[in-house]
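upload_17.cif follows (mmCIF, C-alpha atoms):
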```cif
data_final
loop_
_atom_site.label_atom_id
_atom_site.label_comp_id
_atom_site.auth_asym_id
_atom_site.auth_seq_id
_atom_site.Cartn_x
_atom_site.Cartn_y
_atom_site.Cartn_z
CA MET W 1 0.00 0.00 0.00
CA LYS W 2 2.47 2.47 -1.26
CA PHE W 3 1.66 5.97 -2.43
CA ALA W 4 3.44 8.20 -4.93
CA VAL W 5 2.86 11.96 -4.83
CA VAL W 6 3.84 13.48 -8.17
CA VAL W 7 5.53 16.88 -7.98
CA PHE W 8 5.24 19.20 -10.98
CA PRO W 9 6.90 22.61 -11.18
CA GLY W 10 4.17 24.71 -9.55
CA SER W 11 2.56 21.99 -7.43
CA ASN W 12 1.94 23.41 -3.95
CA CYS W 13 -0.11 20.81 -2.06
CA GLU W 14 2.36 17.96 -2.32
CA GLN W 15 3.67 18.37 1.24
CA ASP W 16 0.19 18.46 2.77
CA THR W 17 -0.72 15.34 0.80
CA TYR W 18 2.51 13.56 1.76
CA HIS W 19 1.98 14.52 5.41
CA VAL W 20 -1.53 13.11 5.58
CA ILE W 21 -0.49 9.84 3.93
CA ALA W 22 2.65 9.40 6.03
CA ASP W 23 1.63 10.85 9.39
CA VAL W 24 -2.15 10.64 9.58
CA VAL W 25 -2.89 7.30 7.91
CA GLY W 26 0.67 6.01 8.35
CA GLN W 27 1.41 4.67 4.87
CA PRO W 28 4.66 4.54 2.90
CA VAL W 29 4.85 7.43 0.45
CA ASP W 30 7.41 8.99 -1.88
CA TYR W 31 7.56 12.11 -3.96
CA VAL W 32 7.98 11.40 -7.67
CA TRP W 33 9.49 14.22 -9.73
CA TYR W 34 7.64 15.22 -12.92
CA ALA W 35 10.77 14.81 -15.05
CA GLU W 36 11.01 11.09 -14.30
CA SER W 37 10.48 9.44 -17.64
CA GLY W 38 10.30 5.86 -18.77
CA PRO W 39 7.69 3.24 -18.04
CA ASP W 40 8.93 2.50 -14.51
CA ALA W 41 8.64 6.01 -13.08
CA VAL W 42 5.77 4.95 -10.80
CA ALA W 43 6.49 1.22 -10.68
CA GLY W 44 5.89 -0.34 -7.28
CA TYR W 45 3.27 2.20 -6.21
CA ASP W 46 -0.35 1.22 -5.60
CA CYS W 47 -1.78 4.71 -5.72
CA VAL W 48 -0.45 7.72 -7.62
CA VAL W 49 -1.63 11.11 -6.36
CA LEU W 50 -1.49 14.26 -8.51
CA PRO W 51 -1.63 17.05 -5.92
CA GLY W 52 -3.09 20.52 -6.03
CA GLY W 53 -1.25 23.65 -7.10
CA PHE W 54 -0.62 25.53 -10.30
CA ALA W 55 1.53 23.20 -12.38
CA TYR W 56 3.48 25.11 -15.01
CA GLY W 57 1.78 28.27 -13.80
CA ASP W 58 -1.50 27.07 -15.35
CA TYR W 59 -0.16 28.48 -18.62
CA LEU W 60 -2.09 27.81 -21.84
CA ARG W 61 -4.90 26.01 -19.95
CA VAL W 62 -4.98 24.67 -16.40
CA GLY W 63 -3.28 21.28 -16.34
CA ALA W 64 -2.42 21.31 -20.05
CA ILE W 65 1.37 21.34 -19.89
CA ALA W 66 1.54 19.04 -16.85
CA ALA W 67 -0.62 16.55 -18.74
CA ILE W 68 2.24 16.02 -21.20
CA ALA W 69 5.08 16.10 -18.62
CA PRO W 70 7.51 13.16 -18.89
CA VAL W 71 6.12 11.33 -15.83
CA MET W 72 2.60 11.23 -17.28
CA GLY W 73 3.40 8.36 -19.63
CA ALA W 74 4.04 6.14 -16.64
CA VAL W 75 0.98 7.49 -14.80
CA ARG W 76 -1.17 6.66 -17.83
CA ALA W 77 0.30 3.14 -18.01
CA HIS W 78 -0.33 2.72 -14.26
CA ALA W 79 -3.99 3.69 -14.77
CA GLU W 80 -4.30 1.35 -17.75
CA ARG W 81 -2.99 -1.51 -15.59
CA GLY W 82 -5.80 -0.76 -13.14
CA GLY W 83 -3.60 1.10 -10.64
CA LEU W 84 -5.27 3.76 -8.52
CA VAL W 85 -4.86 7.40 -9.54
CA LEU W 86 -6.16 10.33 -7.50
CA GLY W 87 -6.14 13.90 -8.80
CA ILE W 88 -6.90 16.68 -6.34
CA CYS W 89 -7.82 20.16 -7.64
CA ASN W 90 -5.00 20.96 -10.11
CA GLY W 91 -4.36 17.19 -10.21
CA PHE W 92 -7.99 16.73 -11.36
CA GLN W 93 -7.41 19.33 -14.07
CA VAL W 94 -4.28 17.45 -15.19
CA LEU W 95 -6.22 14.16 -15.41
CA LEU W 96 -8.87 15.84 -17.59
CA GLU W 97 -6.25 17.35 -19.90
CA ALA W 98 -4.47 14.00 -20.09
CA GLY W 99 -7.72 12.34 -21.13
CA LEU W 100 -7.64 9.98 -18.14
CA LEU W 101 -11.00 11.44 -17.16
CA PRO W 102 -13.67 12.79 -19.55
CA GLY W 103 -14.64 16.46 -19.85
CA ALA W 104 -12.85 19.72 -19.19
CA ILE W 105 -12.60 22.52 -16.64
CA LEU W 106 -13.57 26.11 -17.32
CA ARG W 107 -13.00 29.32 -15.38
CA ASN W 108 -15.34 29.64 -12.38
CA ALA W 109 -18.65 31.10 -13.54
CA SER W 110 -18.26 33.88 -10.95
CA LEU W 111 -14.76 34.66 -12.31
CA GLU W 112 -13.70 34.69 -8.65
CA PHE W 113 -11.05 32.53 -7.04
CA ARG W 114 -13.07 30.64 -4.43
CA SER W 115 -11.31 29.65 -1.22
CA GLN W 116 -13.99 28.44 1.16
CA TRP W 117 -15.64 25.45 2.80
CA VAL W 118 -18.30 23.73 0.71
CA HIS W 119 -20.63 20.80 1.19
CA ALA W 120 -20.50 17.87 -1.20
CA ARG W 121 -22.59 14.72 -1.33
CA VAL W 122 -21.02 11.30 -1.80
CA GLU W 123 -22.88 9.86 -4.81
CA ASP W 124 -21.10 6.53 -4.83
CA ALA W 125 -19.58 4.92 -1.73
CA GLU W 126 -18.55 1.79 -3.61
CA THR W 127 -15.36 3.18 -5.12
CA PRO W 128 -11.87 2.45 -3.72
CA PHE W 129 -11.74 6.16 -2.84
CA THR W 130 -15.05 6.46 -0.98
CA ARG W 131 -15.85 3.13 0.68
CA GLU W 132 -15.45 4.58 4.18
CA TYR W 133 -18.35 6.92 3.45
CA ARG W 134 -22.06 6.25 2.98
CA THR W 135 -23.77 6.98 -0.32
CA GLY W 136 -25.69 10.22 0.24
CA GLN W 137 -23.36 11.32 3.04
CA VAL W 138 -22.76 15.08 3.07
CA LEU W 139 -19.12 16.08 3.54
CA ARG W 140 -17.77 19.47 4.53
CA LEU W 141 -14.65 20.09 2.47
CA PRO W 142 -12.44 23.07 1.58
CA ILE W 143 -12.01 24.27 -2.00
CA ALA W 144 -9.49 26.77 -3.35
CA HIS W 145 -9.62 27.33 -7.08
CA GLY W 146 -10.29 29.82 -9.85
CA ASP W 147 -10.99 27.11 -12.42
CA GLY W 148 -13.32 24.43 -11.12
CA ASN W 149 -16.25 24.77 -13.46
CA TYR W 150 -16.65 21.23 -14.83
CA PHE W 151 -17.86 20.97 -18.41
CA ALA W 152 -18.67 18.08 -20.71
CA ASP W 153 -20.85 17.87 -23.80
CA PRO W 154 -24.42 16.63 -23.22
CA GLN W 155 -23.69 13.06 -24.38
CA THR W 156 -20.62 12.72 -22.18
CA LEU W 157 -22.52 14.16 -19.23
CA ALA W 158 -25.43 11.78 -19.76
CA GLY W 159 -22.99 8.87 -19.98
CA LEU W 160 -21.31 9.91 -16.73
CA GLU W 161 -24.66 10.01 -14.96
CA GLU W 162 -25.86 6.70 -16.45
CA ARG W 163 -22.72 4.87 -15.39
CA GLY W 164 -22.71 6.53 -11.98
CA GLN W 165 -19.33 8.14 -12.54
CA VAL W 166 -20.21 11.31 -10.62
CA VAL W 167 -18.72 10.56 -7.20
CA LEU W 168 -19.07 13.94 -5.47
CA ARG W 169 -21.63 16.69 -6.05
CA TYR W 170 -21.84 20.15 -4.45
CA CYS W 171 -24.87 20.45 -2.22
CA ASP W 172 -26.24 22.46 0.67
CA PRO W 173 -25.68 21.29 4.26
CA ALA W 174 -28.87 19.20 4.05
CA GLY W 175 -27.65 17.42 0.90
CA ALA W 176 -29.79 19.22 -1.68
CA VAL W 177 -28.01 20.01 -4.96
CA THR W 178 -28.84 23.66 -5.64
CA ALA W 179 -27.40 26.43 -7.77
CA ALA W 180 -26.63 28.41 -4.61
CA ALA W 181 -24.54 25.55 -3.22
CA ASN W 182 -22.47 25.32 -6.41
CA PRO W 183 -19.32 27.42 -5.95
CA ASN W 184 -18.08 27.45 -9.55
CA GLY W 185 -20.89 26.81 -12.04
CA SER W 186 -19.90 23.18 -12.56
CA LEU W 187 -22.44 21.28 -14.69
CA HIS W 188 -24.74 19.02 -12.63
CA GLY W 189 -22.95 20.34 -9.54
CA ILE W 190 -20.05 18.01 -10.25
CA ALA W 191 -17.25 18.18 -7.67
CA GLY W 192 -15.58 14.87 -8.51
CA ILE W 193 -15.80 12.11 -11.10
CA ARG W 194 -14.25 8.70 -11.69
CA ASN W 195 -13.39 6.90 -14.91
CA ALA W 196 -15.60 4.07 -16.18
CA ARG W 197 -13.30 1.44 -14.72
CA GLY W 198 -13.37 3.11 -11.32
CA ASN W 199 -9.65 3.30 -10.62
CA VAL W 200 -9.13 6.99 -11.45
CA LEU W 201 -10.76 9.76 -9.41
CA GLY W 202 -10.50 13.50 -9.80
CA LEU W 203 -12.05 16.06 -7.45
CA MET W 204 -11.83 19.80 -6.88
CA PRO W 205 -12.14 19.84 -3.04
CA HIS W 206 -9.03 19.20 -0.94
CA PRO W 207 -9.37 16.11 1.29
CA GLU W 208 -5.76 16.55 2.45
CA ARG W 209 -6.70 19.88 4.01
CA CYS W 210 -9.43 18.38 6.19
CA SER W 211 -8.04 15.17 7.59
CA GLU W 212 -7.05 16.52 11.01
CA ALA W 213 -9.26 18.27 13.57
CA VAL W 214 -6.68 21.03 14.02
CA LEU W 215 -7.41 22.14 10.44
CA GLY W 216 -11.09 22.65 11.15
CA GLY W 217 -12.54 19.45 9.79
CA THR W 218 -11.90 15.75 9.30
CA ASP W 219 -14.32 14.84 6.52
CA GLY W 220 -11.44 14.21 4.11
CA LEU W 221 -9.98 11.45 6.24
CA GLY W 222 -12.45 8.88 4.93
CA LEU W 223 -10.93 9.15 1.45
CA TRP W 224 -7.45 8.21 2.67
CA ARG W 225 -8.81 5.45 4.87
CA SER W 226 -10.86 4.13 1.94
CA LEU W 227 -7.72 3.93 -0.18
CA VAL W 228 -5.76 2.17 2.54
CA GLY W 229 -8.60 -0.33 3.01
CA SER W 230 -8.86 -0.94 -0.73
CA LEU W 231 -5.14 -1.48 -1.05
CA VAL W 232 -4.98 -3.89 1.87
CA GLU W 233 -7.87 -5.87 0.45
CA THR W 234 -6.36 -6.31 -3.00
CA ARG W 235 -3.13 -7.73 -1.57
CA MET I 236 11.37 27.32 -45.09
CA LYS I 237 10.58 29.62 -42.21
CA LEU I 238 6.92 30.17 -41.58
CA LEU I 239 4.74 31.95 -39.09
CA ALA I 240 1.53 30.28 -37.92
CA LYS I 241 -1.10 32.67 -36.57
CA ILE I 242 -3.39 30.52 -34.49
CA HIS I 243 -6.75 31.45 -33.00
CA VAL I 244 -8.20 29.21 -30.32
CA THR I 245 -11.80 29.92 -29.38
CA LEU I 246 -14.44 28.26 -27.24
CA LYS I 247 -16.89 26.05 -29.08
CA PRO I 248 -20.43 27.40 -29.38
CA GLY I 249 -22.46 26.37 -26.36
CA VAL I 250 -19.52 26.35 -23.97
CA ASN I 251 -20.09 28.86 -21.20
CA ASP I 252 -17.60 31.73 -21.34
CA PRO I 253 -17.57 33.65 -18.04
CA GLN I 254 -14.73 35.89 -19.27
CA GLY I 255 -16.64 36.82 -22.41
CA LEU I 256 -19.71 37.64 -20.32
CA ALA I 257 -17.67 39.83 -17.99
CA ILE I 258 -16.04 41.64 -20.93
CA ALA I 259 -19.44 42.22 -22.52
CA GLY I 260 -20.63 43.66 -19.21
CA GLY I 261 -17.60 45.96 -19.16
CA LEU I 262 -18.26 47.20 -22.67
CA ARG I 263 -21.89 47.96 -21.85
CA GLN I 264 -20.68 49.75 -18.72
CA LEU I 265 -18.69 52.00 -21.07
CA GLY I 266 -21.85 52.79 -22.96
CA PHE I 267 -21.52 50.41 -25.90
CA ASP I 268 -25.18 49.48 -25.74
CA GLY I 269 -25.04 47.69 -29.07
CA VAL I 270 -22.80 44.91 -27.69
CA GLU I 271 -24.76 41.69 -28.05
CA GLY I 272 -22.10 39.27 -26.91
CA VAL I 273 -18.36 38.65 -26.48
CA ARG I 274 -16.45 35.40 -26.73
CA ALA I 275 -12.90 35.48 -25.38
CA GLY I 276 -10.23 33.37 -27.03
CA ARG I 277 -6.50 32.99 -27.36
CA TYR I 278 -4.14 34.08 -30.12
CA LEU I 279 -0.76 32.42 -30.60
CA GLU I 280 2.10 32.99 -32.99
CA VAL I 281 4.26 29.97 -33.67
CA ARG I 282 7.39 30.44 -35.74
CA LEU I 283 8.60 27.25 -37.30
CA ASP I 284 11.04 25.83 -39.77
CA ALA I 285 9.68 23.12 -42.06
CA PRO I 286 10.75 21.41 -45.31
CA ASP I 287 7.69 22.78 -47.10
CA ARG I 288 4.33 24.38 -46.54
CA GLN I 289 2.43 21.09 -46.40
CA ALA I 290 4.71 19.72 -43.71
CA ALA I 291 4.26 22.94 -41.74
CA GLU I 292 0.48 22.65 -42.02
CA ARG I 293 0.56 19.08 -40.80
CA ALA I 294 2.74 20.11 -37.85
CA VAL I 295 0.54 23.06 -36.88
CA GLU I 296 -2.58 20.93 -37.20
CA GLU I 297 -1.07 18.38 -34.82
CA MET I 298 0.13 21.08 -32.39
CA CYS I 299 -3.41 22.42 -32.19
CA ARG I 300 -4.92 19.00 -31.74
CA ARG I 301 -2.47 17.76 -29.15
CA LEU I 302 -1.76 20.82 -27.04
CA LEU I 303 -2.79 24.28 -28.16
CA ALA I 304 -6.54 23.62 -28.15
CA ASN I 305 -8.59 21.31 -25.96
CA PRO I 306 -11.01 19.59 -28.33
CA VAL I 307 -13.56 19.12 -25.52
CA ILE I 308 -14.18 22.85 -25.24
CA GLU I 309 -12.25 24.64 -27.97
CA ARG I 310 -11.83 24.90 -31.73
CA TYR I 311 -8.98 26.41 -33.66
CA ALA I 312 -8.14 28.13 -36.91
CA TYR I 313 -4.79 29.21 -38.27
CA GLU I 314 -3.06 30.83 -41.16
CA LEU I 315 0.49 30.28 -42.31
CA THR I 316 2.54 33.14 -43.66
CA ALA I 317 6.17 33.61 -44.56
CA ASP I 318 7.96 34.41 -41.34
CA ASP I 319 9.26 37.90 -41.06
CA PRO I 320 10.63 37.96 -37.52
CA ALA I 321 11.43 41.68 -37.54
CA PRO I 322 8.05 43.04 -36.34
CA LEU I 323 7.70 40.41 -33.61
CA GLU I 324 11.22 40.98 -32.31
CA ALA I 325 10.80 44.73 -32.41
CA ALA I 326 7.58 44.38 -30.44
CA ILE I 327 9.27 42.18 -27.83
CA GLU I 328 12.19 44.62 -27.53
CA ALA I 329 9.81 47.51 -27.08
CA LEU I 330 8.00 45.60 -24.32
CA VAL I 331 11.25 44.75 -22.54
CA GLU I 332 12.37 48.37 -22.69
CA GLU I 333 9.03 49.53 -21.41
CA GLU I 334 9.30 47.24 -18.39
CA ALA I 335 12.92 48.18 -17.65
#
```
Could you write out this file's structure as structure tokens?
Amino acid sequence: MKFAVVVFPGSNCEQDTYHVIADVVGQPVDYVWYAESGPDAVAGYDCVVLPGGFAYGDYLRVGAIAAIAPVMGAVRAHAERGGLVLGICNGFQVLLEAGLLPGAILRNASLEFRSQWVHARVEDAETPFTREYRTGQVLRLPIAHGDGNYFADPQTLAGLEERGQVVLRYCDPAGAVTAAANPNGSLHGIAGIRNARGNVLGLMPHPERCSEAVLGGTDGLGLWRSLVGSLVETR
Amino acid sequence: MKLLAKIHVTLKPGVNDPQGLAIAGGLRQLGFDGVEGVRAGRYLEVRLDAPDRQAAERAVEEMCRRLLANPVIERYAYELTADDPAPLEAAIEALVEEEA
């Protein structure tokens, strides 16, 4: 149950992510530098995490340059082998640009950078990332992004919904999905999606920033515990 | 041959454009009541060396497809002209001087 945290130039959540994995859920974890190339760059890791930040300064489009960084060939191969991949915030944007998840991210509808707590409903508690939660459970999670407005064409969106690939949806504290509870204009209130196979998850909220009470909330902890449980089980 | 590709990347119709909406609001604020809509996009100049024009077109097409535009939300158009670097370099020099 070994984690890799990929570091791009401009990543800025890699230390928080590493800390939670190593010190809060007590798992082995390494940083993997973006320039690592070759098929073995993430060999031996069960879960590859693409952390938050502003990889390559978000130039061109958010996540676009990071999506073609040398290490991404190995990350793609890891995902194709069925290995777990988690993209948080900028990491989610990178997964979309890399085509490991469907759709794209647009500028927040408000044009504001939103740094705040939001509520999000767990739509699927059967994934390796969410099994410690209950389906329908409302989580309180922090977001911090200027580009979190999920977009996909109508067919893609319908397919996501049909296959149950929407894993997290913005909602109010009672669990109702409303326009007012949506911080960025994301279609269908999407906060996080998985791929069809279920081994790749991308989400805009930051579970690593709410896994210890001292940070004001612990609703993110279930995600890390879910991963640890999934990894133990597959061994 | 040295060529200059002038590339326009724009959002596909139907894709929400918060920047365009904000710019339209700004223009109306200035009194341009006739503004019916604004779509914001990106303009890129790529200077390249290629064996011939066809090869350059193929390269630019692939650049757009693989990196410069995101086919989920954007479309692109470009024109290829003979590269005359003088105006571009003069413009960059002027900018650098301005900042210094």
Legend entry - Result set, the PyMOL selection byres ((chain I and resi 281-287) around 12) on current file, as a ChimeraX atom specification: /I:236-243,278-280,288-296,298-299,303,313-320,323-324
Legend entry - chain I residues near chain W (9 Å cut-off, only C-alpha atoms) as a PyMOL selection string: chain I and resi 250-254+257+277+302-305+307-308
Inset, instruction - Could you list the residues chosen by the PyMOL selection byres ((chain I and resi 247) around 7) in this structure as a VMD selection string? - result: chain I and resid 245 to 246 248 to 250 308 to 310
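If you look at CA of Asn195 in chain W and CA of Leu227 in chain W, they are 16.1 Å away from each other.
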Inset, instruction - Could you please determine the separation between CA of Val75 in chain W and CA of Thr218 in chain W in Å, to one decimal place? - result: 28.5 Å
Supply range 39-70 of chain W as an mmCIF file, in the coordinates of the input, with N, CA and C atoms built in where the input has gaps.
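The new file part.cif reads:
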```cif
data_model
loop_
_atom_site.group_PDB
_atom_site.id
_atom_site.type_symbol
_atom_site.label_atom_id
_atom_site.label_comp_id
_atom_site.auth_asym_id
_atom_site.auth_seq_id
_atom_site.Cartn_x
_atom_site.Cartn_y
_atom_site.Cartn_z
ATOM 1 N N PRO W 39 8.879 3.942 -18.482
ATOM 2 C CA PRO W 39 7.690 3.240 -18.040
ATOM 3 C C PRO W 39 7.692 2.897 -16.553
ATOM 4 N N ASP W 40 8.864 2.936 -15.902
ATOM 5 C CA ASP W 40 8.930 2.500 -14.510
ATOM 6 C C ASP W 40 8.882 3.641 -13.499
ATOM 7 N N ALA W 41 8.579 4.850 -13.969
ATOM 8 C CA ALA W 41 8.640 6.010 -13.080
ATOM 9 C C ALA W 41 7.753 5.846 -11.844
ATOM 10 N N VAL W 42 6.625 5.163 -11.975
ATOM 11 C CA VAL W 42 5.770 4.950 -10.800
ATOM 12 C C VAL W 42 5.597 3.462 -10.501
ATOM 13 N N ALA W 43 6.564 2.670 -10.943
ATOM 14 C CA ALA W 43 6.490 1.220 -10.680
ATOM 15 C C ALA W 43 6.589 0.969 -9.184
ATOM 16 N N GLY W 44 5.820 0.021 -8.702
ATOM 17 C CA GLY W 44 5.890 -0.340 -7.280
ATOM 18 C C GLY W 44 4.937 0.449 -6.404
ATOM 19 N N TYR W 45 4.232 1.425 -6.992
ATOM 20 C CA TYR W 45 3.270 2.200 -6.210
ATOM 21 C C TYR W 45 1.857 1.690 -6.486
ATOM 22 N N ASP W 46 1.041 1.661 -5.435
ATOM 23 C CA ASP W 46 -0.350 1.220 -5.600
ATOM 24 C C ASP W 46 -1.244 2.383 -6.006
ATOM 25 N N CYS W 47 -0.935 3.543 -5.442
ATOM 26 C CA CYS W 47 -1.780 4.710 -5.720
ATOM 27 C C CYS W 47 -0.906 5.912 -6.058
ATOM 28 N N VAL W 48 -1.180 6.522 -7.191
ATOM 29 C CA VAL W 48 -0.450 7.720 -7.620
ATOM 30 C C VAL W 48 -1.354 8.931 -7.385
ATOM 31 N N VAL W 49 -0.845 9.913 -6.653
ATOM 32 C CA VAL W 49 -1.630 11.110 -6.360
ATOM 33 C C VAL W 49 -1.040 12.297 -7.128
ATOM 34 N N LEU W 50 -1.889 12.990 -7.882
ATOM 35 C CA LEU W 50 -1.490 14.260 -8.510
ATOM 36 C C LEU W 50 -2.054 15.359 -7.602
ATOM 37 N N PRO W 51 -1.178 16.105 -6.944
ATOM 38 C CA PRO W 51 -1.630 17.050 -5.920
ATOM 39 C C PRO W 51 -2.117 18.367 -6.505
ATOM 40 N N GLY W 52 -2.630 19.204 -5.631
ATOM 41 C CA GLY W 52 -3.090 20.520 -6.030
ATOM 42 C C GLY W 52 -1.933 21.478 -6.273
ATOM 43 N N GLY W 53 -2.263 22.624 -6.827
ATOM 44 C CA GLY W 53 -1.250 23.650 -7.100
ATOM 45 C C GLY W 53 -1.552 24.344 -8.410
ATOM 46 N N PHE W 54 -0.484 24.822 -9.033
ATOM 47 C CA PHE W 54 -0.620 25.530 -10.300
ATOM 48 C C PHE W 54 0.500 25.057 -11.217
ATOM 49 N N ALA W 55 0.439 23.790 -11.596
ATOM 50 C CA ALA W 55 1.530 23.200 -12.380
ATOM 51 C C ALA W 55 1.794 24.028 -13.635
ATOM 52 N N TYR W 56 3.057 24.302 -13.865
ATOM 53 C CA TYR W 56 3.480 25.110 -15.010
ATOM 54 C C TYR W 56 2.733 26.448 -15.051
ATOM 55 N N GLY W 57 2.422 26.964 -13.848
ATOM 56 C CA GLY W 57 1.780 28.270 -13.800
ATOM 57 C C GLY W 57 0.396 28.307 -14.424
ATOM 58 N N ASP W 58 -0.194 27.119 -14.675
ATOM 59 C CA ASP W 58 -1.500 27.070 -15.350
ATOM 60 C C ASP W 58 -1.453 27.705 -16.735
ATOM 61 N N TYR W 59 -0.264 27.834 -17.315
ATOM 62 C CA TYR W 59 -0.160 28.480 -18.620
ATOM 63 C C TYR W 59 -0.891 27.666 -19.686
ATOM 64 N N LEU W 60 -1.305 28.349 -20.722
ATOM 65 C CA LEU W 60 -2.090 27.810 -21.840
ATOM 66 C C LEU W 60 -3.505 27.452 -21.364
ATOM 67 N N ARG W 61 -3.648 26.361 -20.634
ATOM 68 C CA ARG W 61 -4.900 26.010 -19.950
ATOM 69 C C ARG W 61 -4.486 25.295 -18.671
ATOM 70 N N VAL W 62 -5.337 25.342 -17.646
ATOM 71 C CA VAL W 62 -4.980 24.670 -16.400
ATOM 72 C C VAL W 62 -4.730 23.185 -16.664
ATOM 73 N N GLY W 63 -3.592 22.700 -16.224
ATOM 74 C CA GLY W 63 -3.280 21.280 -16.340
ATOM 75 C C GLY W 63 -2.716 20.841 -17.685
ATOM 76 N N ALA W 64 -2.742 21.738 -18.679
ATOM 77 C CA ALA W 64 -2.420 21.310 -20.050
ATOM 78 C C ALA W 64 -0.968 20.886 -20.227
ATOM 79 N N ILE W 65 -0.053 21.657 -19.676
ATOM 80 C CA ILE W 65 1.370 21.340 -19.890
ATOM 81 C C ILE W 65 1.761 20.166 -18.980
ATOM 82 N N ALA W 66 1.244 20.157 -17.761
ATOM 83 C CA ALA W 66 1.540 19.040 -16.850
ATOM 84 C C ALA W 66 1.065 17.716 -17.437
ATOM 85 N N ALA W 67 -0.045 17.776 -18.179
ATOM 86 C CA ALA W 67 -0.620 16.550 -18.740
ATOM 87 C C ALA W 67 0.333 15.877 -19.725
ATOM 88 N N ILE W 68 1.292 16.624 -20.263
ATOM 89 C CA ILE W 68 2.240 16.020 -21.200
ATOM 90 C C ILE W 68 3.656 15.978 -20.610
ATOM 91 N N ALA W 69 3.769 16.190 -19.292
ATOM 92 C CA ALA W 69 5.080 16.100 -18.620
ATOM 93 C C ALA W 69 5.601 14.668 -18.735
ATOM 94 N N PRO W 70 6.935 14.491 -18.682
ATOM 95 C CA PRO W 70 7.510 13.160 -18.890
ATOM 96 C C PRO W 70 6.882 12.065 -18.017
#
```
